[in-house]
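**Student:** Sharing coords-v4.txt here; it has compact mmCIF, C-alpha atoms.
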# COMPACT_ATOMS: atom_id res chain seq x y z
CA MET F 1 52.26 67.12 -5.51
CA THR F 2 53.18 64.53 -2.94
CA LEU F 3 52.87 60.77 -3.52
CA SER F 4 49.94 60.66 -1.10
CA GLU F 5 48.14 63.42 -3.02
CA LYS F 6 48.78 61.61 -6.33
CA ASN F 7 47.30 58.41 -4.89
CA SER F 8 44.25 60.34 -3.64
CA GLU F 9 43.71 61.84 -7.09
CA LEU F 10 44.03 58.41 -8.70
CA ILE F 11 41.49 56.89 -6.29
CA LYS F 12 39.13 59.78 -6.98
CA ASP F 13 39.43 59.12 -10.72
CA ILE F 14 38.75 55.41 -10.26
CA TYR F 15 35.54 56.17 -8.38
CA GLN F 16 34.26 58.44 -11.17
CA TRP F 17 31.13 57.19 -12.91
CA THR F 18 27.92 58.40 -14.51
CA TYR F 19 24.44 57.36 -13.49
CA PRO F 20 23.21 54.31 -15.45
CA ARG F 21 20.45 55.00 -18.01
CA LEU F 22 18.13 52.90 -20.15
CA ALA F 23 18.55 53.06 -23.94
CA VAL F 24 15.63 51.78 -26.03
CA GLY F 25 16.08 50.65 -29.62
CA LYS F 26 16.57 47.50 -31.67
CA ARG F 27 18.57 46.17 -28.74
CA ASN F 28 17.64 47.55 -25.33
CA TYR F 29 20.45 48.13 -22.88
CA VAL F 30 21.51 50.01 -19.75
CA HIS F 31 24.61 52.14 -20.19
CA PHE F 32 26.93 54.16 -17.98
CA SER F 33 30.48 55.50 -18.07
CA SER F 34 33.25 54.77 -15.63
CA PHE F 35 36.91 55.77 -15.38
CA ASP F 36 39.32 53.27 -16.95
CA PRO F 37 42.69 53.46 -15.12
CA GLU F 38 44.51 51.73 -17.98
CA SER F 39 43.52 54.27 -20.64
CA GLY F 40 43.16 57.20 -18.21
CA LYS F 41 39.76 58.08 -19.69
CA MET F 42 36.07 57.63 -18.99
CA LYS F 43 34.81 54.54 -20.80
CA ARG F 44 31.27 53.57 -21.69
CA LYS F 45 29.78 50.26 -20.51
CA LYS F 46 26.65 48.54 -21.87
CA ILE F 47 24.50 45.89 -20.19
CA HIS F 48 22.16 44.33 -22.74
CA LEU F 49 18.72 43.48 -21.37
CA GLY F 50 17.73 40.65 -23.66
CA ARG F 51 14.20 40.21 -24.90
CA CYS F 52 11.40 41.91 -22.94
CA LYS F 53 7.85 41.21 -24.12
CA THR F 54 6.19 44.35 -22.73
CA LYS F 55 7.16 47.90 -21.74
CA THR F 56 6.32 47.03 -18.15
CA GLU F 57 8.73 44.10 -18.19
CA LEU F 58 11.39 46.28 -19.82
CA LYS F 59 11.05 48.98 -17.15
CA SER F 60 11.04 46.45 -14.31
CA THR F 61 14.16 44.70 -15.63
CA SER F 62 16.06 47.93 -16.32
CA ASP F 63 15.13 49.41 -12.91
CA ARG F 64 16.45 46.31 -11.18
CA ILE F 65 19.73 46.42 -13.13
CA ILE F 66 20.19 50.16 -12.58
CA LYS F 67 19.60 49.82 -8.84
CA ARG F 68 22.19 47.05 -8.58
CA LEU F 69 24.72 49.01 -10.66
CA VAL F 70 24.30 52.16 -8.56
CA GLU F 71 24.82 50.15 -5.36
CA LYS F 72 27.99 48.60 -6.72
CA LEU F 73 29.38 51.80 -8.22
CA SER F 74 28.66 53.72 -5.00
CA SER F 75 30.63 51.16 -3.01
CA GLY F 76 33.70 51.70 -5.21
CA TRP F 77 33.25 48.96 -7.77
CA ASN F 78 34.90 49.63 -11.13
CA PRO F 79 34.00 47.51 -14.19
CA TRP F 80 37.40 48.02 -15.82
CA ILE F 81 39.41 46.92 -12.80
CA ASP F 82 37.42 43.75 -12.23
CA ALA F 83 37.93 42.08 -15.60
CA ASN F 84 35.50 39.23 -14.94
CA ASN F 85 32.60 41.20 -13.48
CA HIS F 86 30.73 41.45 -16.78
CA LEU F 87 30.16 37.70 -16.73
CA GLU F 88 27.63 38.01 -13.93
CA TYR F 89 25.36 39.78 -16.40
CA THR F 90 25.36 36.79 -18.73
CA LEU F 91 21.79 35.98 -19.67
CA PHE F 92 20.46 32.99 -17.72
CA VAL F 93 19.07 31.33 -20.84
CA ASP F 94 22.40 31.72 -22.69
CA LEU F 95 24.34 30.21 -19.82
CA CYS F 96 21.95 27.25 -19.65
CA ASP F 97 22.65 26.64 -23.34
CA LYS F 98 26.42 26.81 -22.72
CA TYR F 99 26.15 24.37 -19.82
CA ARG F 100 24.04 22.06 -21.97
CA GLU F 101 26.81 22.03 -24.60
CA PHE F 102 29.35 21.32 -21.86
CA ILE F 103 27.35 18.28 -20.72
CA TYR F 104 27.15 16.90 -24.26
CA LYS F 105 30.89 17.44 -24.76
CA SER F 106 31.70 15.72 -21.45
CA TYR F 107 29.63 12.72 -22.46
CA LYS F 108 31.23 12.45 -25.90
CA SER F 109 34.66 12.61 -24.24
CA ASN F 110 33.65 9.74 -21.90
CA ASP F 111 33.89 12.02 -18.86
CA LEU F 112 30.20 11.48 -18.11
CA ARG F 113 28.17 8.30 -18.19
CA GLU F 114 25.10 8.28 -20.41
CA GLN F 115 22.77 7.98 -17.41
CA THR F 116 24.52 10.92 -15.71
CA MET F 117 24.21 13.02 -18.87
CA THR F 118 20.51 12.21 -19.14
CA SER F 119 19.92 13.08 -15.49
CA TYR F 120 21.86 16.36 -15.69
CA LEU F 121 19.96 17.45 -18.80
CA SER F 122 16.66 16.62 -17.12
CA TYR F 123 17.58 18.63 -14.01
CA LEU F 124 18.76 21.53 -16.18
CA ASN F 125 15.53 21.60 -18.20
CA VAL F 126 13.37 21.70 -15.08
CA PHE F 127 15.58 24.33 -13.44
CA GLN F 128 15.70 26.54 -16.56
CA LYS F 129 11.93 26.46 -16.97
CA TRP F 130 11.40 27.27 -13.29
CA GLY F 131 14.10 29.96 -13.29
CA SER F 132 12.55 31.78 -16.23
CA HIS F 133 9.23 32.02 -14.36
CA ALA F 134 11.00 32.89 -11.09
CA GLY F 135 12.59 36.00 -12.58
CA ILE F 136 16.16 34.81 -13.21
CA THR F 137 17.24 36.95 -16.16
CA TYR F 138 20.97 37.24 -15.37
CA ILE F 139 23.10 34.61 -13.72
CA TYR F 140 23.95 36.86 -10.74
CA GLN F 141 20.31 36.42 -9.68
CA PHE F 142 20.99 32.73 -9.00
CA ASP F 143 21.57 33.11 -5.27
CA HIS F 144 20.89 31.39 -1.94
CA ARG F 145 17.23 32.42 -1.91
CA LYS F 146 16.68 31.05 -5.41
CA VAL F 147 18.21 27.70 -4.42
CA SER F 148 15.89 27.51 -1.41
CA ALA F 149 12.84 28.39 -3.49
CA PHE F 150 13.72 25.89 -6.20
CA LEU F 151 14.25 23.00 -3.77
CA ASP F 152 10.87 23.76 -2.19
CA TYR F 153 9.35 23.80 -5.66
CA VAL F 154 10.79 20.35 -6.41
CA TYR F 155 9.74 18.81 -3.10
CA ILE F 156 6.40 20.55 -2.46
CA GLU F 157 4.92 21.85 -5.71
CA ARG F 158 6.14 19.01 -7.92
CA ASN F 159 5.37 16.57 -5.11
CA ASN F 160 8.64 14.66 -5.55
CA THR F 161 10.26 12.48 -2.93
CA MET F 162 12.96 13.67 -0.55
CA GLN F 163 15.45 11.57 -2.52
CA THR F 164 14.56 13.48 -5.69
CA ARG F 165 14.98 16.77 -3.82
CA ASN F 166 18.42 15.56 -2.70
CA ASN F 167 19.33 14.60 -6.27
CA TYR F 168 18.47 18.10 -7.49
CA LEU F 169 20.56 19.63 -4.71
CA CYS F 170 23.58 17.50 -5.67
CA TRP F 171 23.18 18.65 -9.26
CA LEU F 172 22.86 22.31 -8.20
CA LYS F 173 26.18 21.98 -6.37
CA VAL F 174 27.80 20.63 -9.55
CA PHE F 175 26.22 23.44 -11.59
CA SER F 176 27.39 26.07 -9.08
CA HIS F 177 30.93 24.70 -9.23
CA TYR F 178 30.81 25.06 -13.02
CA LEU F 179 29.74 28.73 -12.65
CA ILE F 180 32.40 29.56 -10.04
CA GLU F 181 35.21 27.96 -12.07
CA ARG F 182 34.28 30.17 -15.02
CA CYS F 183 33.87 33.34 -12.94
CA TYR F 184 30.14 33.76 -13.61
CA ILE F 185 29.55 33.96 -9.86
CA ASN F 186 31.89 34.43 -6.90
CA ILE F 187 29.88 32.82 -4.09
CA ASP F 188 28.46 29.31 -4.07
CA PRO F 189 24.68 29.74 -3.64
CA THR F 190 24.28 26.13 -2.45
CA THR F 191 26.45 26.67 0.65
CA GLY F 192 24.46 25.81 3.76
CA PHE F 193 22.18 23.32 2.02
CA SER F 194 22.67 19.65 2.78
CA VAL F 195 21.23 16.33 1.76
CA ILE F 196 18.40 15.31 4.08
CA LYS F 197 18.75 11.68 5.07
CA LYS F 198 15.69 9.50 5.17
CA ARG F 199 14.89 7.81 8.47
CA GLY F 200 15.41 4.08 8.55
CA ASN F 201 17.36 1.76 6.29
CA LYS F 202 17.06 1.56 2.54
CA GLN F 203 14.23 -0.74 1.56
CA ARG F 204 15.03 -3.15 -1.24
CA LYS F 205 12.01 -3.66 -3.48
CA VAL F 206 12.05 -7.39 -4.18
CA ILE F 207 9.79 -8.55 -7.01
CA PRO F 208 7.55 -11.43 -5.89
CA ASP F 209 7.96 -14.82 -7.56
CA GLN F 210 4.53 -14.73 -9.19
CA LEU F 211 5.38 -11.44 -10.90
CA LEU F 212 8.74 -12.77 -12.05
CA LYS F 213 6.92 -15.67 -13.68
CA LYS F 214 4.47 -13.30 -15.41
CA ILE F 215 7.43 -11.25 -16.73
CA LYS F 216 9.10 -14.39 -18.08
CA ASP F 217 5.89 -15.73 -19.68
CA PHE F 218 5.21 -12.41 -21.41
CA LEU F 219 8.76 -11.93 -22.73
CA GLU F 220 9.11 -15.52 -23.96
CA VAL F 221 6.29 -14.73 -26.37
CA LYS F 222 6.81 -11.03 -27.10
CA ASN F 223 10.53 -10.25 -26.75
CA LYS F 224 13.04 -12.99 -25.89
CA HIS F 225 15.98 -10.66 -26.53
CA TYR F 226 14.73 -8.36 -23.77
CA LEU F 227 14.27 -11.46 -21.62
CA LEU F 228 18.02 -12.02 -22.05
CA ALA F 229 18.60 -8.51 -20.70
CA CYS F 230 16.42 -9.37 -17.71
CA TYR F 231 18.41 -12.58 -17.18
CA LEU F 232 21.72 -10.70 -17.24
CA ILE F 233 20.66 -8.20 -14.60
CA HIS F 234 18.80 -10.79 -12.47
CA TYR F 235 21.30 -13.65 -12.50
CA CYS F 236 24.58 -11.91 -13.36
CA PHE F 237 23.90 -8.54 -11.67
CA ILE F 238 25.10 -6.60 -14.71
CA ARG F 239 24.10 -2.94 -14.53
CA PRO F 240 22.13 -1.30 -17.39
CA HIS F 241 25.07 0.91 -18.40
CA GLU F 242 27.40 -2.09 -18.54
CA MET F 243 24.76 -4.08 -20.43
CA SER F 244 24.50 -1.43 -23.13
CA MET F 245 28.27 -1.67 -23.73
CA LEU F 246 28.66 -5.47 -23.75
CA LYS F 247 29.92 -7.12 -26.93
CA ILE F 248 29.63 -10.73 -28.03
CA ARG F 249 33.40 -11.18 -27.77
CA ASP F 250 33.12 -10.55 -24.00
CA ILE F 251 31.46 -13.97 -23.62
CA ASN F 252 33.55 -17.11 -23.16
CA LEU F 253 31.14 -19.85 -24.19
CA LYS F 254 33.47 -22.70 -23.20
CA LYS F 255 34.02 -21.39 -19.66
CA CYS F 256 30.48 -20.00 -19.22
CA THR F 257 31.85 -16.62 -18.23
CA MET F 258 31.56 -13.00 -19.27
CA ARG F 259 34.24 -10.36 -18.96
CA ILE F 260 33.23 -6.89 -17.72
CA SER F 261 35.89 -4.38 -18.75
CA GLY F 262 37.00 -1.74 -16.27
CA ASP F 263 36.25 0.83 -18.96
CA ILE F 264 32.52 0.23 -18.54
CA SER F 265 32.19 -1.05 -14.96
CA LYS F 266 31.04 1.14 -12.08
CA ASN F 267 34.17 0.57 -9.99
CA HIS F 268 36.49 0.73 -13.06
CA TYR F 269 37.92 -2.74 -12.36
CA ASP F 270 38.02 -5.64 -14.80
CA ALA F 271 35.89 -8.56 -13.64
CA VAL F 272 34.80 -12.01 -14.79
CA ILE F 273 31.34 -13.22 -13.85
CA THR F 274 29.66 -16.61 -14.20
CA LEU F 275 26.89 -17.19 -16.74
CA PRO F 276 24.35 -19.77 -15.49
CA LYS F 277 23.58 -22.56 -17.96
CA HIS F 278 20.02 -21.42 -18.65
CA VAL F 279 21.37 -17.96 -19.60
CA ILE F 280 23.81 -19.59 -22.03
CA MET F 281 20.99 -21.73 -23.44
CA LEU F 282 18.88 -18.62 -24.09
CA MET F 283 21.82 -17.00 -25.91
CA LEU F 284 22.18 -20.10 -28.10
CA ASP F 285 18.44 -20.17 -28.74
CA LEU F 286 18.63 -16.54 -29.89
CA ASN F 287 21.61 -17.29 -32.18
CA ILE F 288 23.66 -14.59 -30.45
CA PHE F 289 26.95 -16.20 -31.50
CA ASP F 290 26.07 -16.14 -35.20
CA SER F 291 26.88 -12.42 -35.20
CA PRO F 292 30.45 -10.98 -35.30
CA GLY F 293 32.24 -10.74 -31.97
CA THR F 294 32.57 -6.98 -32.40
CA PHE F 295 28.77 -6.57 -32.35
CA TYR F 296 27.03 -5.27 -29.26
CA ILE F 297 24.82 -7.89 -27.63
CA PHE F 298 22.00 -5.35 -27.53
CA SER F 299 21.36 -3.06 -30.47
CA ASP F 300 18.17 -2.26 -32.42
CA ARG F 301 15.17 -4.20 -31.05
CA PHE F 302 17.58 -5.48 -28.34
CA ARG F 303 19.21 -7.77 -30.92
CA PRO F 304 22.97 -7.94 -31.70
CA GLY F 305 24.21 -5.12 -33.89
CA ALA F 306 27.00 -2.66 -34.67
CA ARG F 307 25.30 0.21 -32.81
CA LYS F 308 24.96 0.02 -29.03
CA LYS F 309 21.61 0.30 -27.31
CA SER F 310 21.08 3.22 -24.95
CA GLU F 311 20.88 2.17 -21.30
CA LYS F 312 17.75 4.32 -21.09
CA ALA F 313 16.09 2.03 -23.66
CA PHE F 314 16.05 -0.84 -21.15
CA ARG F 315 14.14 1.25 -18.63
CA ASP F 316 11.84 2.67 -21.31
CA TYR F 317 10.76 -0.77 -22.50
CA TRP F 318 10.18 -1.83 -18.90
CA ASN F 319 8.03 1.23 -18.16
CA GLU F 320 6.20 1.66 -21.46
CA THR F 321 5.64 -1.94 -22.57
CA LEU F 322 6.30 -4.47 -19.83
CA ARG F 323 4.81 -2.60 -16.85
CA PRO F 324 1.29 -2.13 -18.29
CA ALA F 325 1.28 -5.58 -19.93
CA VAL F 326 2.15 -7.46 -16.74
CA GLY F 327 0.58 -5.07 -14.24
CA LEU F 328 3.75 -4.09 -12.41
CA ALA F 329 3.44 -1.55 -9.62
CA TYR F 330 5.60 1.55 -10.03
CA GLU F 331 7.83 0.50 -7.12
CA TYR F 332 9.15 -2.39 -9.22
CA LYS F 333 11.76 -1.01 -11.60
CA PHE F 334 14.07 -2.64 -14.13
CA TYR F 335 16.93 -2.33 -11.64
CA SER F 336 14.78 -4.16 -9.07
CA LEU F 337 15.64 -7.35 -10.97
CA LYS F 338 19.21 -7.02 -9.66
CA ASP F 339 18.13 -6.52 -6.04
CA THR F 340 15.67 -9.41 -6.39
CA GLY F 341 18.30 -11.66 -7.93
CA ILE F 342 20.79 -11.10 -5.10
CA THR F 343 18.11 -11.53 -2.42
CA ASN F 344 16.74 -14.74 -3.98
CA MET F 345 20.24 -16.16 -4.43
CA LEU F 346 20.90 -15.64 -0.71
CA ARG F 347 17.48 -17.05 0.15
CA ALA F 348 18.44 -20.20 -1.81
CA LYS F 349 21.37 -20.68 0.62
CA THR F 350 24.06 -19.69 -1.90
CA ASP F 351 27.19 -18.87 0.08
CA ILE F 352 27.63 -15.14 0.58
CA LEU F 353 31.18 -15.07 -0.86
CA SER F 354 29.94 -16.42 -4.20
CA VAL F 355 27.14 -13.87 -4.26
CA ARG F 356 29.59 -11.09 -3.37
CA ASP F 357 31.90 -12.03 -6.24
CA GLN F 358 29.06 -12.34 -8.76
CA ALA F 359 27.66 -8.95 -7.67
CA ARG F 360 31.17 -7.45 -7.62
CA HIS F 361 30.64 -5.91 -4.20
CA SER F 362 33.71 -4.45 -2.50
CA ASN F 363 32.96 -6.29 0.74
CA ILE F 364 30.55 -8.76 2.32
CA ALA F 365 28.83 -6.01 4.35
CA ILE F 366 27.31 -4.62 1.15
CA THR F 367 26.10 -8.06 0.07
CA ASP F 368 24.65 -8.68 3.51
CA THR F 369 22.27 -5.71 3.16
CA TYR F 370 20.35 -7.85 0.66
CA THR F 371 19.95 -10.77 3.08
CA PRO F 372 16.26 -11.30 3.95
CA LYS F 373 15.90 -11.10 7.71
CA ASP F 374 13.32 -13.88 7.77
CA ILE F 375 15.93 -16.45 6.72
CA ALA F 376 18.60 -15.50 9.25
CA ASP F 377 19.30 -18.71 11.19
CA ALA F 378 20.44 -18.98 14.78
CA ASN F 379 24.04 -20.01 15.36
CA GLU F 380 24.01 -23.70 16.38
CA LEU F 381 27.19 -23.22 18.45
CA LEU F 382 25.45 -20.66 20.64
CA ILE F 383 22.15 -22.46 21.19
CA ASN F 384 23.62 -24.93 23.68
CA TYR F 385 26.30 -22.62 25.10
CA GLU F 386 26.13 -22.10 28.87
CA GLY F 387 28.73 -20.06 30.76
CA VAL F 388 29.68 -19.94 34.43
CA LEU F 389 27.02 -17.36 35.29
Just give me the structure of the file as structure tokens.

**Tutor:**
Amino acid sequence: MTLSEKNSELIKDIYQWTYPRLAVGKRNYVHFSSFDPESGKMKRKKIHLGRCKTKTELKSTSDRIIKRLVEKLSSGWNPWIDANNHLEYTLFVDLCDKYREFIYKSYKSNDLREQTMTSYLSYLNVFQKWGSHAGITYIYQFDHRKVSAFLDYVYIERNNTMQTRNNYLCWLKVFSHYLIERCYINIDPTTGFSVIKKRGNKQRKVIPDQLLKKIKDFLEVKNKHYLLACYLIHYCFIRPHEMSMLKIRDINLKKCTMRISGDISKNHYDAVITLPKHVIMLMLDLNIFDSPGTFYIFSDRFRPGARKKSEKAFRDYWNETLRPAVGLAYEYKFYSLKDTGITNMLRAKTDILSVRDQARHSNIAITDTYTPKDIADANELLINYEGVL
């Protein structure tokens, strides 16, 4: 037999397979046999179907799997040559659980911020619930059409904003990258989808002065420790994540400064910010410095303690307690205190370089986006300028 004839026989063997069948029992599965080149024998392959509530669902699921297998086997696919192909039949619900564990592990290893972990888990929960109703049983069914349908579900059926739709898309791209890296899928189903930009500039939601006063009056009576948190974000522009990680030893009482470590800051750079006198006075009034320097500034009940407060807790108190008590509209969020603080500082004629440094912006252009347009003054040097023309 010539080499060419031997190769032809080998190819013929590789293409050998039996028609997939459904096996019903304690564990339902589709099975078929295919030639294994390594052992030189036909080898049986099982695809477990998972839990099906009714016979109709079982038949529908098995028919879909059998049809896909026949198409692949007919085109020359061999399960024993492609070592990773079986992963595409991983149950969708099992893979969601694996990804959930991966998120938790990434957070514990400090590879994910707490807010990012919370967001990813929220996106995953919504997607898993939708996917189960949309017929995603195996991960290979997560394709371009499913991405399109899910984004429409988020934007239209859930009636979310375009920004929320964009956030889900960004997460889907991260999730797809996770699947591709681990060989669960070969093609990125999010290819071709892009973030849709909103028309116009970002609108900063500045909290009016009368509402700021109502917030202060309420917290001075009900929760002065949370008032300190509001002061830190409003006057010092400290982000909620950074706030949750601050310790008493980060404060220099003599210099009226606070150190923000690069380990907790957004840009990963160490920084020193100024603490206004009234912020220091509130800290003294609350006896913050009576606690050990190793204590977090915000722990249980937003008081100093050995256990840090979740950054989510700041938003929860704002939404669940402060908002209804003061009558805050939904557009005013806890983070709006930072935007309001920068805007009001510029409105008070504070020089833009000082504001930039306090806000830890990388350049003045970012700080300038907070400048209220109604206070922009004309340049005195240009008012009386007259050229030759």

**Student:** Could you please determine the separation between CA of Lys108 in chain F and CA of Leu179 in chain F in Å, to one decimal place?

**Tutor:** 21.0 Å

**Student:** For Leu95 in chain F, which residue out of F:Arg182, F:Lys41, F:His48, F:Lys333 is the nearest one, using only C-alpha atoms?

**Tutor:**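 Of F:Arg182, F:Lys41, F:His48, F:Lys333, the one nearest Leu95 in chain F is F:Arg182, counting only C-alpha atoms.
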
**Student:** Take CA of Leu322 in chain F and CA of Tyr155 in chain F and report the distance between them in Å, one decimal.

**Tutor:** 28.9 Å

**Student:** Which residues, written as a list in words, have at least one atom at most 12 Å from Leu219 in chain F, with all atoms listed in the file counted and residues fewer than 4 positions away on the same chain left out?

**Tutor:** Leu212, Lys213, Lys214, Ile215, Asn223, Lys224, His225, Tyr226, Leu227, Leu228, Ala229, Cys230, Tyr231, Tyr317, Trp318, Thr321, Leu322, Arg323, Ala325 and Val326 of chain F

**Student:** Could those residues be written to a file, using C-alpha atoms, as a PDB file, in the coordinates of the input?

**Tutor:**
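Dumped everything to part_8.pdb:
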ATOM      1  CA  LEU F 212       8.740 -12.770 -12.050  1.00  0.00           C
ATOM      2  CA  LYS F 213       6.920 -15.670 -13.680  1.00  0.00           C
ATOM      3  CA  LYS F 214       4.470 -13.300 -15.410  1.00  0.00           C
ATOM      4  CA  ILE F 215       7.430 -11.250 -16.730  1.00  0.00           C
ATOM      5  CA  ASN F 223      10.530 -10.250 -26.750  1.00  0.00           C
ATOM      6  CA  LYS F 224      13.040 -12.990 -25.890  1.00  0.00           C
ATOM      7  CA  HIS F 225      15.980 -10.660 -26.530  1.00  0.00           C
ATOM      8  CA  TYR F 226      14.730  -8.360 -23.770  1.00  0.00           C
ATOM      9  CA  LEU F 227      14.270 -11.460 -21.620  1.00  0.00           C
ATOM     10  CA  LEU F 228      18.020 -12.020 -22.050  1.00  0.00           C
ATOM     11  CA  ALA F 229      18.600  -8.510 -20.700  1.00  0.00           C
ATOM     12  CA  CYS F 230      16.420  -9.370 -17.710  1.00  0.00           C
ATOM     13  CA  TYR F 231      18.410 -12.580 -17.180  1.00  0.00           C
ATOM     14  CA  TYR F 317      10.760  -0.770 -22.500  1.00  0.00           C
ATOM     15  CA  TRP F 318      10.180  -1.830 -18.900  1.00  0.00           C
ATOM     16  CA  THR F 321       5.640  -1.940 -22.570  1.00  0.00           C
ATOM     17  CA  LEU F 322       6.300  -4.470 -19.830  1.00  0.00           C
ATOM     18  CA  ARG F 323       4.810  -2.600 -16.850  1.00  0.00           C
ATOM     19  CA  ALA F 325       1.280  -5.580 -19.930  1.00  0.00           C
ATOM     20  CA  VAL F 326       2.150  -7.460 -16.740  1.00  0.00           C
TER      21      VAL F 326
END

**Student:** One decimal, Å: what's the distance from CA of Gly50 in chain F over to CA of Asp36 in chain F, could you say?

**Tutor:**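 Atom-to-atom, CA of Gly50 in chain F to CA of Asp36 in chain F, that is 25.9 Å.
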
**Student:** Near range 123-137 of chain F, counting only C-alpha atoms, which residues have an atom at most 6 Å away, once you skip same-chain residues fewer than 3 positions from it, shown as a list in words?

**Tutor:** Leu91, Phe92, Tyr120 and Gln141 of chain F

**Student:** Include C-alpha atoms and write out the residues we just selected as a PDB file, in the coordinates of the input.

**Tutor:**
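Result went into out.pdb, see below:
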ATOM      1  CA  LEU F  91      21.790  35.980 -19.670  1.00  0.00           C
ATOM      2  CA  PHE F  92      20.460  32.990 -17.720  1.00  0.00           C
ATOM      3  CA  TYR F 120      21.860  16.360 -15.690  1.00  0.00           C
ATOM      4  CA  GLN F 141      20.310  36.420  -9.680  1.00  0.00           C
TER       5      GLN F 141
END

**Student:** Near Leu337 in chain F, counting all atoms listed in the file, which residues have an atom at most 7 Å away, once you skip same-chain residues fewer than 4 positions from it, shown as a list of chain:residue names?

**Tutor:**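 Close residues of Leu337 in chain F: F:Ile233, F:His234, F:Gly341.
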
**Student:** Could you save the residues just selected, with C-alpha atoms, as an mmCIF file, keeping the file's coordinate frame?

**Tutor:**
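File produced: part18.cif:
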data_model
loop_
_atom_site.group_PDB
_atom_site.id
_atom_site.type_symbol
_atom_site.label_atom_id
_atom_site.label_comp_id
_atom_site.auth_asym_id
_atom_site.auth_seq_id
_atom_site.Cartn_x
_atom_site.Cartn_y
_atom_site.Cartn_z
ATOM 1 C CA ILE F 233 20.660 -8.200 -14.600
ATOM 2 C CA HIS F 234 18.800 -10.790 -12.470
ATOM 3 C CA GLY F 341 18.300 -11.660 -7.930
#

**Student:** Could you check which of F:Tyr184, F:Tyr296, F:Trp171, F:Phe193 is closest to His144 in chain F, using only C-alpha atoms?

**Tutor:**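 Answer, going by the shortest atom-to-atom distance: F:Phe193.
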
**Student:** So which residues touch Lys309 in chain F within 12 Å, counting all atoms listed in the file, skipping near sequence neighbours fewer than 4 positions away, as JSON, numbers by chain?

**Tutor:** {"F": [114, 226, 229, 240, 241, 242, 243, 244, 245, 246, 247, 295, 296, 297, 298, 299, 300, 301, 302, 303, 304, 305, 313, 314, 315, 316, 317]}
